[in-house]
Every structure is written in C-alpha cells, then in structure tokens.
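Asks: So I've got this file, work.cif, and it contains mmCIF, C-alpha atoms; chains and numbers go by the auth columns:
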data_model
#
loop_
_atom_site.group_PDB
_atom_site.id
_atom_site.type_symbol
_atom_site.label_atom_id
_atom_site.label_comp_id
_atom_site.label_asym_id
_atom_site.label_seq_id
_atom_site.Cartn_x
_atom_site.Cartn_y
_atom_site.Cartn_z
_atom_site.B_iso_or_equiv
_atom_site.auth_seq_id
_atom_site.auth_asym_id
ATOM 1 C CA MET A 1 91.598 129.664 104.110 0.00 519 R
ATOM 2 C CA LYS A 2 87.876 129.829 103.643 0.00 520 R
ATOM 3 C CA LYS A 3 86.589 129.698 100.074 0.00 521 R
ATOM 4 C CA ARG A 4 83.154 130.613 98.769 0.00 522 R
ATOM 5 C CA THR A 5 81.663 130.056 95.331 0.00 523 R
ATOM 6 C CA LEU A 6 78.922 131.669 93.235 0.00 524 R
ATOM 7 C CA SER A 7 76.275 130.199 90.971 0.00 525 R
ATOM 8 C CA ARG A 8 76.824 129.771 87.250 0.00 526 R
ATOM 9 C CA SER A 9 74.673 132.826 86.429 0.00 527 R
ATOM 10 C CA MET A 10 76.946 135.025 88.537 0.00 528 R
ATOM 11 C CA ILE A 11 79.951 133.488 86.820 0.00 529 R
ATOM 12 C CA ALA A 12 78.620 134.699 83.467 0.00 530 R
ATOM 13 C CA VAL A 13 78.158 138.216 84.833 0.00 531 R
ATOM 14 C CA LEU A 14 81.606 138.234 86.407 0.00 532 R
ATOM 15 C CA THR A 15 83.255 136.901 83.260 0.00 533 R
ATOM 16 C CA VAL A 16 82.008 140.009 81.477 0.00 534 R
ATOM 17 C CA LEU A 17 83.179 142.113 84.424 0.00 535 R
ATOM 18 C CA PHE A 18 86.677 140.645 84.378 0.00 536 R
ATOM 19 C CA SER A 19 87.121 140.994 80.615 0.00 537 R
ATOM 20 C CA GLY A 20 89.022 144.113 79.537 0.00 538 R
ATOM 21 C CA VAL A 21 87.733 147.405 80.901 0.00 539 R
ATOM 22 C CA SER A 22 88.859 150.991 80.342 0.00 540 R
ATOM 23 C CA GLN A 23 90.755 152.656 83.170 0.00 541 R
ATOM 24 C CA ALA A 24 89.311 155.719 84.946 0.00 542 R
ATOM 25 C CA ALA A 25 85.534 155.194 84.987 0.00 543 R
ATOM 26 C CA ASP A 26 86.003 151.475 85.296 0.00 544 R
ATOM 27 C CA ASP A 27 88.075 151.830 88.482 0.00 545 R
ATOM 28 C CA VAL A 28 84.917 153.059 90.197 0.00 546 R
ATOM 29 C CA ALA A 29 82.828 150.374 88.515 0.00 547 R
ATOM 30 C CA ILE A 30 85.162 147.545 89.496 0.00 548 R
ATOM 31 C CA THR A 31 85.230 148.600 93.157 0.00 549 R
ATOM 32 C CA LYS A 32 81.416 148.561 93.157 0.00 550 R
ATOM 33 C CA ASP A 33 81.352 145.197 91.396 0.00 551 R
ATOM 34 C CA MET A 34 83.872 143.670 93.801 0.00 552 R
ATOM 35 C CA THR A 35 81.815 145.011 96.717 0.00 553 R
ATOM 36 C CA ALA A 36 78.786 143.232 95.255 0.00 554 R
ATOM 37 C CA VAL A 37 80.703 139.976 94.690 0.00 555 R
ATOM 38 C CA ILE A 38 81.963 139.922 98.271 0.00 556 R
ATOM 39 C CA ALA A 39 78.489 140.695 99.617 0.00 557 R
ATOM 40 C CA LEU A 40 76.912 137.956 97.463 0.00 558 R
ATOM 41 C CA LEU A 41 79.406 135.494 98.895 0.00 559 R
ATOM 42 C CA GLY A 42 78.325 136.557 102.391 0.00 560 R
ATOM 43 C CA LEU A 43 81.758 137.785 103.436 0.00 561 R
ATOM 44 C CA PRO A 44 82.326 140.794 105.704 0.00 562 R
ATOM 45 C CA CYS A 45 83.605 143.862 103.909 0.00 563 R
ATOM 46 C CA GLY A 46 81.270 146.834 103.887 0.00 564 R
ATOM 47 C CA LYS A 47 82.670 148.603 100.853 0.00 565 R
ATOM 48 C CA VAL A 48 85.689 147.839 98.674 0.00 566 R
ATOM 49 C CA VAL A 49 88.041 150.821 98.707 0.00 567 R
ATOM 50 C CA THR A 50 90.816 149.581 96.401 0.00 568 R
ATOM 51 C CA VAL A 51 91.249 146.842 93.813 0.00 569 R
ATOM 52 C CA VAL A 52 94.581 145.637 92.471 0.00 570 R
ATOM 53 C CA ARG A 53 94.557 143.558 89.305 0.00 571 R
ATOM 54 C CA LYS A 54 96.970 140.621 89.660 0.00 572 R
ATOM 55 C CA GLY A 55 96.178 139.002 86.315 0.00 573 R
ATOM 56 C CA ASP A 56 93.343 137.911 84.102 0.00 574 R
ATOM 57 C CA ASN A 57 90.332 137.187 86.319 0.00 575 R
ATOM 58 C CA ASP A 58 92.445 137.699 89.442 0.00 576 R
ATOM 59 C CA HIS A 59 92.126 140.704 91.771 0.00 577 R
ATOM 60 C CA ILE A 60 92.921 141.725 95.331 0.00 578 R
ATOM 61 C CA ALA A 61 90.111 143.761 96.916 0.00 579 R
ATOM 62 C CA SER A 62 90.715 145.780 100.087 0.00 580 R
ATOM 63 C CA CYS A 63 87.675 146.604 102.199 0.00 581 R
ATOM 64 C CA GLU A 64 86.892 149.578 104.395 0.00 582 R
ATOM 65 C CA ASN A 65 86.753 147.244 107.412 0.00 583 R
ATOM 66 C CA GLY A 66 90.367 146.145 106.819 0.00 584 R
ATOM 67 C CA ASN A 67 89.646 142.768 105.228 0.00 585 R
ATOM 68 C CA ARG A 68 91.379 141.832 101.973 0.00 586 R
ATOM 69 C CA TYR A 69 90.185 139.207 99.526 0.00 587 R
ATOM 70 C CA ARG A 70 91.689 137.592 96.466 0.00 588 R
ATOM 71 C CA ILE A 71 88.838 137.259 93.966 0.00 589 R
ATOM 72 C CA PHE A 72 89.480 135.016 90.990 0.00 590 R
ATOM 73 C CA LEU A 73 88.069 132.365 88.677 0.00 591 R
ATOM 74 C CA ASN A 74 89.178 128.834 89.464 0.00 592 R
ATOM 75 C CA PRO A 75 89.924 126.303 86.683 0.00 593 R
ATOM 76 C CA GLU A 76 86.271 125.194 86.730 0.00 594 R
ATOM 77 C CA GLY A 77 85.177 128.788 86.063 0.00 595 R
ATOM 78 C CA ARG A 78 83.769 129.496 89.528 0.00 596 R
ATOM 79 C CA VAL A 79 84.296 132.808 91.263 0.00 597 R
ATOM 80 C CA ILE A 80 86.336 132.322 94.421 0.00 598 R
ATOM 81 C CA ALA A 81 87.060 134.780 97.231 0.00 599 R
ATOM 82 C CA GLU A 82 89.949 133.919 99.544 0.00 600 R
ATOM 83 C CA LYS A 83 90.634 136.013 102.606 0.00 601 R
ATOM 84 C CA GLN A 84 94.194 137.340 102.549 0.00 602 R
#
Now, as a test, write the supplied structure out as structure tokens.

Replies:
Amino acid sequence: MKKRTLSRSMIAVLTVLFSGVSQAADDVAITKDMTAVIALLGLPCGKVVTVVRKGDNDHIASCENGNRYRIFLNPEGRVIAEKQ
C-alpha cells in the first residue's frame, strides 16, 4: 500500500478537524476537509462523497472516482492516507 504524509502544520489543522464535531453541518464540512487532505497528498479522488468514522482520528473516505482511502494519524502524529 502506498502511504503519503503531510507537514506538521497540516497535522495541527487536521488535529482540530478530527476532534469532536457536531453531526449534520459537520458531515458536509468533513467531506470537504477530506477532499482537501487527499488533494494535498496528491492522490486521485476528485471529490469525497462519503466519510465513515472508524475511530478517533481514523476515517474511510470514498471518492467520486471510486477510490477509497483510510485517513488517520499514525503514532508519530502524521496524517496518513492509505488506498483501500
């Protein structure tokens, strides 16, 4: 599996993103944020259409082009996207 990482400044932004969010309005916000994360990592996606929360700082993002990515923080605090 191919892994990509983000800079420390993006980690700070994503830590805020991954911390508790309210449901309805945040569903739209998290799909936009996951789209941005995937794009910043240079991975093909287009637009994220669904996000499933697997745990703290751990999500599965499904893209309009059919790709799926697990986006999570590794033990070192880096944002990782693994193609599923």

Asks: Can you list, as a ChimeraX atom specification, every protein, DNA or RNA residue that comes within 10 Å of Ser580 of chain R when you count only C-alpha atoms, leaving out same-chain residues fewer than 4 positions away?

Replies: /R:549,552-553,563,565-570,584-588,602

Asks: Can you measure atom CA of Asp544 of chain R to atom CA of Gly560 of chain R for me? One decimal in Å is fine.

Replies: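 One can read the atom CA of Asp544 of chain R to atom CA of Gly560 of chain R distance as 24.0 Å.
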
Asks: Smallest atom-to-atom distance to Asn592 of chain R: which of R:Lys550, R:Leu559, R:Ala579, R:Asp574, using all atoms listed in the file?

Replies: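 For Asn592 of chain R, the nearest of the candidates is R:Asp574.
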
Asks: Report the distance between atom CA of His577 of chain R and atom CA of Phe590 of chain R in Å, rounded to one decimal place.

Replies: 6.3 Å
